[in-house]
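Below is one structure, written out as C-alpha coordinates; the observations come after it.
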Amino acid sequence: MSTGELVSIDPLDLKFPFELNKQINSSLQLTNKTDQHVGFKVKTTNPKKYCVRPNTGVVSPKSTCEIIVTMQAQKEAPPDMQCKDKFLLQSVTVGSGATTKDITPELFSKDSGNTVEECKLRVVYVPATQSTSIVAQGAEPVLPSNGPSGAAEASRAYVDSNDKSSSEVRALISKLTDEKNAAIEQSKRIQQELVRDLFSLVLITSRYFVFYFMNGSNQQI
(Lines give C-alpha, C1' and ligand atoms only; values in the text may rest on other atoms or scores of the structure.)
Protein backbone atom coordinates (compact mmCIF):
# COMPACT_ATOMS: atom_id res chain seq x y z
CA MET A 1 0.00 0.00 0.00
CA SER A 2 1.16 3.52 -0.83
CA THR A 3 0.06 6.34 1.45
CA GLY A 4 0.41 9.92 0.27
CA GLU A 5 -1.07 13.14 1.58
CA LEU A 6 -4.11 12.93 -0.69
CA VAL A 7 -4.75 9.26 -1.41
CA SER A 8 -3.70 5.75 -0.52
CA ILE A 9 -3.33 3.05 -3.19
CA ASP A 10 -3.62 -0.67 -2.62
CA PRO A 11 -1.84 -2.63 -3.99
CA LEU A 12 1.23 -1.00 -5.53
CA ASP A 13 1.78 -3.96 -7.87
CA LEU A 14 -0.83 -4.73 -10.51
CA LYS A 15 -0.85 -8.52 -10.43
CA PHE A 16 -2.09 -10.41 -13.48
CA PRO A 17 -2.58 -14.22 -13.42
CA PHE A 18 -0.96 -14.56 -16.84
CA GLU A 19 -2.48 -16.90 -19.43
CA LEU A 20 -2.01 -16.81 -23.19
CA ASN A 21 -4.86 -15.67 -25.44
CA LYS A 22 -7.02 -14.43 -22.55
CA GLN A 23 -8.03 -11.00 -21.31
CA ILE A 24 -7.03 -10.65 -17.67
CA ASN A 25 -8.29 -8.21 -15.03
CA SER A 26 -6.43 -6.69 -12.13
CA SER A 27 -7.74 -4.09 -9.70
CA LEU A 28 -6.58 -1.52 -7.20
CA GLN A 29 -8.31 0.57 -4.57
CA LEU A 30 -7.86 4.34 -4.48
CA THR A 31 -8.86 5.90 -1.14
CA ASN A 32 -9.30 9.62 -0.60
CA LYS A 33 -7.77 10.42 2.79
CA THR A 34 -8.79 14.07 2.85
CA ASP A 35 -11.93 16.10 3.52
CA GLN A 36 -11.78 17.47 -0.04
CA HIS A 37 -12.69 16.00 -3.40
CA VAL A 38 -9.72 14.48 -5.23
CA GLY A 39 -9.39 14.11 -8.98
CA PHE A 40 -7.20 11.37 -10.43
CA LYS A 41 -5.77 10.23 -13.74
CA VAL A 42 -4.10 6.91 -14.65
CA LYS A 43 -1.36 6.71 -17.30
CA THR A 44 0.57 3.71 -18.66
CA THR A 45 3.71 3.19 -20.71
CA ASN A 46 1.81 0.73 -22.96
CA PRO A 47 -1.69 2.15 -23.65
CA LYS A 48 -2.47 -0.28 -26.51
CA LYS A 49 -2.03 -3.26 -24.22
CA TYR A 50 -4.24 -2.14 -21.34
CA CYS A 51 -7.74 -0.79 -20.77
CA VAL A 52 -8.28 1.19 -17.55
CA ARG A 53 -11.78 1.82 -16.19
CA PRO A 54 -12.14 4.47 -14.99
CA ASN A 55 -8.90 6.09 -16.08
CA THR A 56 -10.00 9.48 -14.73
CA GLY A 57 -12.47 10.42 -12.04
CA VAL A 58 -13.30 12.17 -8.80
CA VAL A 59 -13.19 10.52 -5.39
CA SER A 60 -15.37 11.99 -2.65
CA PRO A 61 -13.89 12.77 0.79
CA LYS A 62 -13.03 9.70 2.87
CA SER A 63 -14.32 7.34 0.15
CA THR A 64 -12.78 4.64 -2.03
CA CYS A 65 -12.80 4.03 -5.78
CA GLU A 66 -12.13 0.67 -7.41
CA ILE A 67 -10.07 0.86 -10.62
CA ILE A 68 -10.13 -2.10 -13.02
CA VAL A 69 -7.17 -2.64 -15.35
CA THR A 70 -7.74 -5.10 -18.20
CA MET A 71 -4.77 -6.55 -20.06
CA GLN A 72 -5.58 -7.51 -23.63
CA ALA A 73 -5.07 -11.14 -24.69
CA GLN A 74 -1.38 -11.86 -25.31
CA LYS A 75 -0.17 -14.29 -27.98
CA GLU A 76 3.21 -14.93 -26.35
CA ALA A 77 4.74 -14.69 -22.90
CA PRO A 78 7.61 -12.28 -22.14
CA PRO A 79 11.07 -13.69 -21.34
CA ASP A 80 11.22 -15.06 -17.77
CA MET A 81 7.65 -13.78 -17.26
CA GLN A 82 9.03 -10.33 -16.45
CA CYS A 83 6.99 -7.29 -17.51
CA LYS A 84 8.50 -3.82 -17.94
CA ASP A 85 5.18 -2.00 -18.23
CA LYS A 86 4.51 0.76 -15.70
CA PHE A 87 1.51 2.78 -14.55
CA LEU A 88 1.42 6.29 -13.10
CA LEU A 89 -1.49 7.46 -10.95
CA GLN A 90 -1.73 11.23 -10.49
CA SER A 91 -4.05 12.90 -7.99
CA VAL A 92 -4.94 16.51 -7.20
CA THR A 93 -7.56 18.28 -5.08
CA VAL A 94 -10.57 19.68 -6.97
CA GLY A 95 -13.75 21.61 -6.15
CA SER A 96 -16.69 19.87 -4.51
CA GLY A 97 -18.79 20.22 -7.66
CA ALA A 98 -16.17 18.69 -9.97
CA THR A 99 -17.10 15.74 -12.17
CA THR A 100 -15.13 13.38 -14.39
CA LYS A 101 -15.53 15.82 -17.31
CA ASP A 102 -13.61 18.42 -15.29
CA ILE A 103 -10.57 16.16 -14.93
CA THR A 104 -8.46 17.47 -17.80
CA PRO A 105 -4.73 16.99 -18.52
CA GLU A 106 -4.12 20.65 -17.62
CA LEU A 107 -4.96 19.90 -13.96
CA PHE A 108 -1.84 17.73 -13.69
CA SER A 109 0.60 19.92 -15.63
CA LYS A 110 3.47 21.71 -13.92
CA ASP A 111 2.18 25.08 -15.13
CA SER A 112 -1.19 24.65 -13.41
CA GLY A 113 0.18 25.61 -10.00
CA ASN A 114 -1.60 22.62 -8.45
CA THR A 115 0.12 20.24 -6.07
CA VAL A 116 0.08 16.97 -7.97
CA GLU A 117 0.67 13.72 -6.12
CA GLU A 118 2.13 10.87 -8.17
CA CYS A 119 2.49 7.17 -7.54
CA LYS A 120 4.18 4.63 -9.84
CA LEU A 121 2.75 1.11 -10.13
CA ARG A 122 4.50 -2.00 -11.43
CA VAL A 123 2.98 -4.81 -13.49
CA VAL A 124 3.66 -8.29 -12.13
CA TYR A 125 2.73 -11.61 -13.76
CA VAL A 126 1.78 -14.39 -11.35
CA PRO A 127 1.00 -18.08 -12.03
CA ALA A 128 -2.64 -18.66 -12.95
CA THR A 129 -4.77 -20.84 -10.68
CA GLN A 130 -8.24 -22.26 -11.14
CA SER A 131 -9.82 -19.42 -9.18
CA THR A 132 -7.92 -16.69 -11.03
CA SER A 133 -8.73 -18.33 -14.37
CA ILE A 134 -12.39 -17.58 -13.72
CA VAL A 135 -11.54 -13.89 -13.28
CA ALA A 136 -9.33 -13.92 -16.38
CA GLN A 137 -12.21 -15.24 -18.50
CA GLY A 138 -14.37 -12.25 -17.61
CA ALA A 139 -15.81 -12.58 -14.11
CA GLU A 140 -17.60 -9.36 -13.19
CA PRO A 141 -15.28 -6.97 -11.33
CA VAL A 142 -16.17 -4.93 -8.26
CA LEU A 143 -17.78 -1.67 -9.31
CA PRO A 144 -16.34 1.72 -8.32
CA SER A 145 -17.89 3.35 -5.28
CA ASN A 146 -17.75 6.93 -6.53
CA GLY A 147 -21.04 7.23 -8.39
CA PRO A 148 -23.06 5.94 -11.37
CA SER A 149 -20.54 7.07 -14.00
CA GLY A 150 -17.81 4.94 -12.44
CA ALA A 151 -20.15 1.93 -12.28
CA ALA A 152 -21.03 2.34 -15.95
CA GLU A 153 -17.35 2.46 -16.92
CA ALA A 154 -16.59 -0.76 -15.04
CA SER A 155 -19.65 -2.45 -16.55
CA ARG A 156 -18.39 -1.60 -20.03
CA ALA A 157 -15.02 -3.10 -19.14
CA TYR A 158 -16.80 -6.35 -18.18
CA VAL A 159 -18.72 -6.44 -21.44
CA ASP A 160 -15.54 -5.81 -23.44
CA SER A 161 -13.89 -8.83 -21.85
CA ASN A 162 -16.50 -11.11 -23.47
CA ASP A 163 -16.12 -9.70 -26.98
CA LYS A 164 -13.50 -12.24 -27.97
CA SER A 165 -15.68 -15.23 -27.00
CA SER A 166 -18.65 -13.79 -28.90
CA SER A 167 -16.48 -13.24 -31.99
CA GLU A 168 -15.22 -16.83 -31.87
CA VAL A 169 -18.78 -18.18 -31.65
CA ARG A 170 -19.90 -16.04 -34.59
CA ALA A 171 -16.88 -17.15 -36.62
CA LEU A 172 -17.64 -20.83 -35.88
CA ILE A 173 -21.31 -20.44 -36.88
CA SER A 174 -20.28 -18.69 -40.10
CA LYS A 175 -17.78 -21.46 -40.90
CA LEU A 176 -20.36 -24.22 -40.33
CA THR A 177 -22.91 -22.36 -42.48
CA ASP A 178 -20.39 -22.05 -45.34
CA GLU A 179 -19.55 -25.76 -45.10
CA LYS A 180 -23.26 -26.66 -45.17
CA ASN A 181 -23.87 -24.50 -48.25
CA ALA A 182 -20.83 -26.01 -49.98
CA ALA A 183 -22.12 -29.54 -49.25
CA ILE A 184 -25.55 -28.65 -50.69
CA GLU A 185 -23.97 -27.26 -53.87
CA GLN A 186 -21.82 -30.37 -54.25
CA SER A 187 -24.89 -32.60 -53.83
CA LYS A 188 -26.71 -30.65 -56.54
CA ARG A 189 -23.76 -31.06 -58.94
CA ILE A 190 -23.63 -34.80 -58.30
CA GLN A 191 -27.39 -35.12 -58.98
CA GLN A 192 -27.03 -33.17 -62.23
CA GLU A 193 -24.15 -35.41 -63.34
CA LEU A 194 -26.18 -38.54 -62.53
CA VAL A 195 -29.11 -37.22 -64.59
CA ARG A 196 -26.80 -36.51 -67.55
CA ASP A 197 -25.21 -39.96 -67.27
CA LEU A 198 -28.62 -41.63 -67.12
CA PHE A 199 -29.82 -39.67 -70.15
CA SER A 200 -26.69 -40.66 -72.08
CA LEU A 201 -27.21 -44.31 -71.15
CA VAL A 202 -30.84 -44.22 -72.34
CA LEU A 203 -29.78 -42.56 -75.60
CA ILE A 204 -27.08 -45.15 -76.25
CA THR A 205 -29.47 -48.00 -75.44
CA SER A 206 -32.09 -46.58 -77.79
CA ARG A 207 -29.60 -46.30 -80.61
CA TYR A 208 -28.50 -49.90 -80.01
CA PHE A 209 -32.06 -51.20 -80.25
CA VAL A 210 -32.70 -49.19 -83.43
CA PHE A 211 -29.48 -50.51 -84.98
CA TYR A 212 -30.30 -54.07 -83.92
CA PHE A 213 -33.86 -53.78 -85.24
CA MET A 214 -32.71 -52.43 -88.62
CA ASN A 215 -30.06 -55.10 -89.06
CA GLY A 216 -32.52 -57.81 -88.06
CA SER A 217 -35.05 -56.62 -90.65
CA ASN A 218 -32.44 -56.54 -93.45
CA GLN A 219 -31.40 -60.12 -92.70
CA GLN A 220 -35.00 -61.34 -92.96
CA ILE A 221 -35.42 -59.72 -96.38
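As shown in the C-alpha coordinates, the chain order sets the letters A, B, ...; within each chain, residues go from 1, and ligands are also counted from 1 in the order they appear.
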
Got a sec: who's within 9 Å of range 76-81 of chain A, counting only C-alpha atoms, leaving out chain neighbours fewer than 5 positions off, as number ranges by chain?
-> A: 18-21, 124-126

Print the selection's residues with all heavy atoms to a file, as a PDB file, in the first residue's frame.
```
ATOM      1  N   PHE A  18      -1.223 -14.542 -15.396  1.00  0.00           N
ATOM      2  CA  PHE A  18      -0.963 -14.558 -16.841  1.00  0.00           C
ATOM      3  C   PHE A  18      -1.364 -15.879 -17.486  1.00  0.00           C
ATOM      4  O   PHE A  18      -0.976 -16.959 -17.038  1.00  0.00           O
ATOM      5  CB  PHE A  18       0.515 -14.296 -17.108  1.00  0.00           C
ATOM      6  CG  PHE A  18       0.836 -14.093 -18.569  1.00  0.00           C
ATOM      7  CD1 PHE A  18       0.744 -12.839 -19.139  1.00  0.00           C
ATOM      8  CD2 PHE A  18       1.208 -15.160 -19.370  1.00  0.00           C
ATOM      9  CE1 PHE A  18       1.028 -12.642 -20.479  1.00  0.00           C
ATOM     10  CE2 PHE A  18       1.490 -14.969 -20.705  1.00  0.00           C
ATOM     11  CZ  PHE A  18       1.401 -13.710 -21.276  1.00  0.00           C
ATOM     12  N   GLU A  19      -2.144 -15.766 -18.568  1.00  0.00           N
ATOM     13  CA  GLU A  19      -2.484 -16.901 -19.431  1.00  0.00           C
ATOM     14  C   GLU A  19      -2.526 -16.395 -20.861  1.00  0.00           C
ATOM     15  O   GLU A  19      -3.019 -15.293 -21.127  1.00  0.00           O
ATOM     16  CB  GLU A  19      -3.836 -17.509 -19.055  1.00  0.00           C
ATOM     17  CG  GLU A  19      -3.864 -18.221 -17.717  1.00  0.00           C
ATOM     18  CD  GLU A  19      -5.179 -18.926 -17.473  1.00  0.00           C
ATOM     19  OE1 GLU A  19      -5.441 -19.931 -18.158  1.00  0.00           O
ATOM     20  OE2 GLU A  19      -5.953 -18.466 -16.618  1.00  0.00           O
ATOM     21  N   LEU A  20      -2.035 -17.210 -21.780  1.00  0.00           N
ATOM     22  CA  LEU A  20      -2.014 -16.813 -23.189  1.00  0.00           C
ATOM     23  C   LEU A  20      -3.428 -16.746 -23.754  1.00  0.00           C
ATOM     24  O   LEU A  20      -4.297 -17.538 -23.391  1.00  0.00           O
ATOM     25  CB  LEU A  20      -1.161 -17.791 -24.001  1.00  0.00           C
ATOM     26  CG  LEU A  20       0.355 -17.785 -23.721  1.00  0.00           C
ATOM     27  CD1 LEU A  20       1.045 -18.870 -24.531  1.00  0.00           C
ATOM     28  CD2 LEU A  20       0.962 -16.425 -24.022  1.00  0.00           C
ATOM     29  N   ASN A  21      -3.623 -15.804 -24.677  1.00  0.00           N
ATOM     30  CA  ASN A  21      -4.864 -15.667 -25.435  1.00  0.00           C
ATOM     31  C   ASN A  21      -6.086 -15.428 -24.557  1.00  0.00           C
ATOM     32  O   ASN A  21      -7.194 -15.864 -24.891  1.00  0.00           O
ATOM     33  CB  ASN A  21      -5.095 -16.907 -26.315  1.00  0.00           C
ATOM     34  CG  ASN A  21      -3.946 -17.155 -27.273  1.00  0.00           C
ATOM     35  OD1 ASN A  21      -3.465 -16.221 -27.910  1.00  0.00           O
ATOM     36  ND2 ASN A  21      -3.502 -18.389 -27.371  1.00  0.00           N
ATOM     37  N   VAL A 124       3.045  -7.026 -12.527  1.00  0.00           N
ATOM     38  CA  VAL A 124       3.661  -8.291 -12.133  1.00  0.00           C
ATOM     39  C   VAL A 124       2.798  -9.445 -12.639  1.00  0.00           C
ATOM     40  O   VAL A 124       1.577  -9.460 -12.426  1.00  0.00           O
ATOM     41  CB  VAL A 124       3.802  -8.384 -10.595  1.00  0.00           C
ATOM     42  CG1 VAL A 124       4.407  -9.733 -10.202  1.00  0.00           C
ATOM     43  CG2 VAL A 124       4.664  -7.238 -10.066  1.00  0.00           C
ATOM     44  N   TYR A 125       3.425 -10.401 -13.325  1.00  0.00           N
ATOM     45  CA  TYR A 125       2.730 -11.612 -13.755  1.00  0.00           C
ATOM     46  C   TYR A 125       2.882 -12.692 -12.687  1.00  0.00           C
ATOM     47  O   TYR A 125       3.988 -12.942 -12.204  1.00  0.00           O
ATOM     48  CB  TYR A 125       3.306 -12.128 -15.071  1.00  0.00           C
ATOM     49  CG  TYR A 125       3.083 -11.197 -16.246  1.00  0.00           C
ATOM     50  CD1 TYR A 125       3.950 -11.204 -17.338  1.00  0.00           C
ATOM     51  CD2 TYR A 125       2.010 -10.313 -16.282  1.00  0.00           C
ATOM     52  CE1 TYR A 125       3.751 -10.346 -18.416  1.00  0.00           C
ATOM     53  CE2 TYR A 125       1.806  -9.461 -17.343  1.00  0.00           C
ATOM     54  CZ  TYR A 125       2.687  -9.486 -18.419  1.00  0.00           C
ATOM     55  OH  TYR A 125       2.483  -8.650 -19.476  1.00  0.00           O
ATOM     56  N   VAL A 126       1.761 -13.321 -12.340  1.00  0.00           N
ATOM     57  CA  VAL A 126       1.783 -14.393 -11.349  1.00  0.00           C
ATOM     58  C   VAL A 126       1.195 -15.641 -11.982  1.00  0.00           C
ATOM     59  O   VAL A 126       0.419 -15.567 -12.943  1.00  0.00           O
ATOM     60  CB  VAL A 126       0.988 -13.998 -10.084  1.00  0.00           C
ATOM     61  CG1 VAL A 126       1.626 -12.806  -9.405  1.00  0.00           C
ATOM     62  CG2 VAL A 126      -0.468 -13.697 -10.424  1.00  0.00           C
TER      63      VAL A 126
END
```

Skipping near chain neighbours, those fewer than 3 positions away, what residues fall within 9 Å of Lys84 in chain A using only C-alpha atoms, listed as an MDAnalysis selection string?
-> chainID A and resid 45 122:124

Can you write just those residues out, all heavy atoms, as a CSV table (one decimal), in the first residue's frame?
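To be explicit, this is the file written out as out03.csv:
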```csv
chain,number,residue,atom,x,y,z
A,45,THR,N,2.7,3.1,-19.7
A,45,THR,CA,3.7,3.2,-20.7
A,45,THR,C,3.3,2.4,-21.9
A,45,THR,O,4.0,2.5,-23.0
A,45,THR,CB,5.0,2.6,-20.2
A,45,THR,OG1,4.8,1.3,-19.7
A,45,THR,CG2,5.6,3.5,-19.0
A,122,ARG,N,3.9,-1.0,-10.6
A,122,ARG,CA,4.5,-2.0,-11.4
A,122,ARG,C,3.5,-3.0,-11.9
A,122,ARG,O,2.4,-3.2,-11.3
A,122,ARG,CB,5.6,-2.8,-10.7
A,122,ARG,CG,6.8,-1.9,-10.2
A,122,ARG,CD,7.8,-2.9,-9.7
A,122,ARG,NE,7.3,-3.8,-8.7
A,122,ARG,CZ,7.8,-5.0,-8.4
A,122,ARG,NH1,8.9,-5.4,-9.0
A,122,ARG,NH2,7.3,-5.8,-7.5
A,123,VAL,N,3.8,-3.7,-13.0
A,123,VAL,CA,3.0,-4.8,-13.5
A,123,VAL,C,3.7,-6.1,-13.2
A,123,VAL,O,4.9,-6.3,-13.5
A,123,VAL,CB,2.7,-4.7,-15.0
A,123,VAL,CG1,2.0,-5.9,-15.5
A,123,VAL,CG2,1.9,-3.5,-15.3
A,124,VAL,N,3.0,-7.0,-12.5
A,124,VAL,CA,3.7,-8.3,-12.1
A,124,VAL,C,2.8,-9.4,-12.6
A,124,VAL,O,1.6,-9.5,-12.4
A,124,VAL,CB,3.8,-8.4,-10.6
A,124,VAL,CG1,4.4,-9.7,-10.2
A,124,VAL,CG2,4.7,-7.2,-10.1
```

When distances are computed from only C-alpha atoms, which of A:Thr129, A:Gln23, A:Asn55, A:Ser63 shows the smallest separation from Pro105 in chain A?
->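 The shortest atom-to-atom distance to Pro105 in chain A comes from A:Asn55.
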
Between CA of Gln72 in chain A and CA of Val59 in chain A, what is the spacing in Å?
-> 26.8 Å

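The smallest atom-to-atom distance between Pro61 in chain A and any of A:Gly95, A:Pro47, A:Pro17, A:Pro127, using only C-alpha atoms, is found for A:Gly95.
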
Option closest in space to Gly113 in chain A, from A:Val7, A:Ile67, A:Val92, A:Ala98 [counting only C-alpha atoms] = A:Val92

Pick from A:Lys101, A:Leu12, A:Asn32, A:Ser112, whichever lies nearest to Phe87 in chain A using only C-alpha atoms =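 Smallest distance to Phe87 in chain A is found for A:Leu12.
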
Would you work out the distance separating CA of Asn46 in chain A from CA of Lys86 in chain A, expressed in Å to one decimal?
->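 Computing the Euclidean distance for CA of Asn46 in chain A and CA of Lys86 in chain A yields 7.7 Å.
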
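The smallest atom-to-atom distance between Ser27 in chain A and any of A:Leu107, A:Val69, A:Ile9, A:Val58, using only C-alpha atoms, is found for A:Val69.
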
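Closest approach to Leu88 in chain A among A:Thr44, A:Leu30, A:Val210, A:Lys49 is made by A:Thr44 (distances from only C-alpha atoms).
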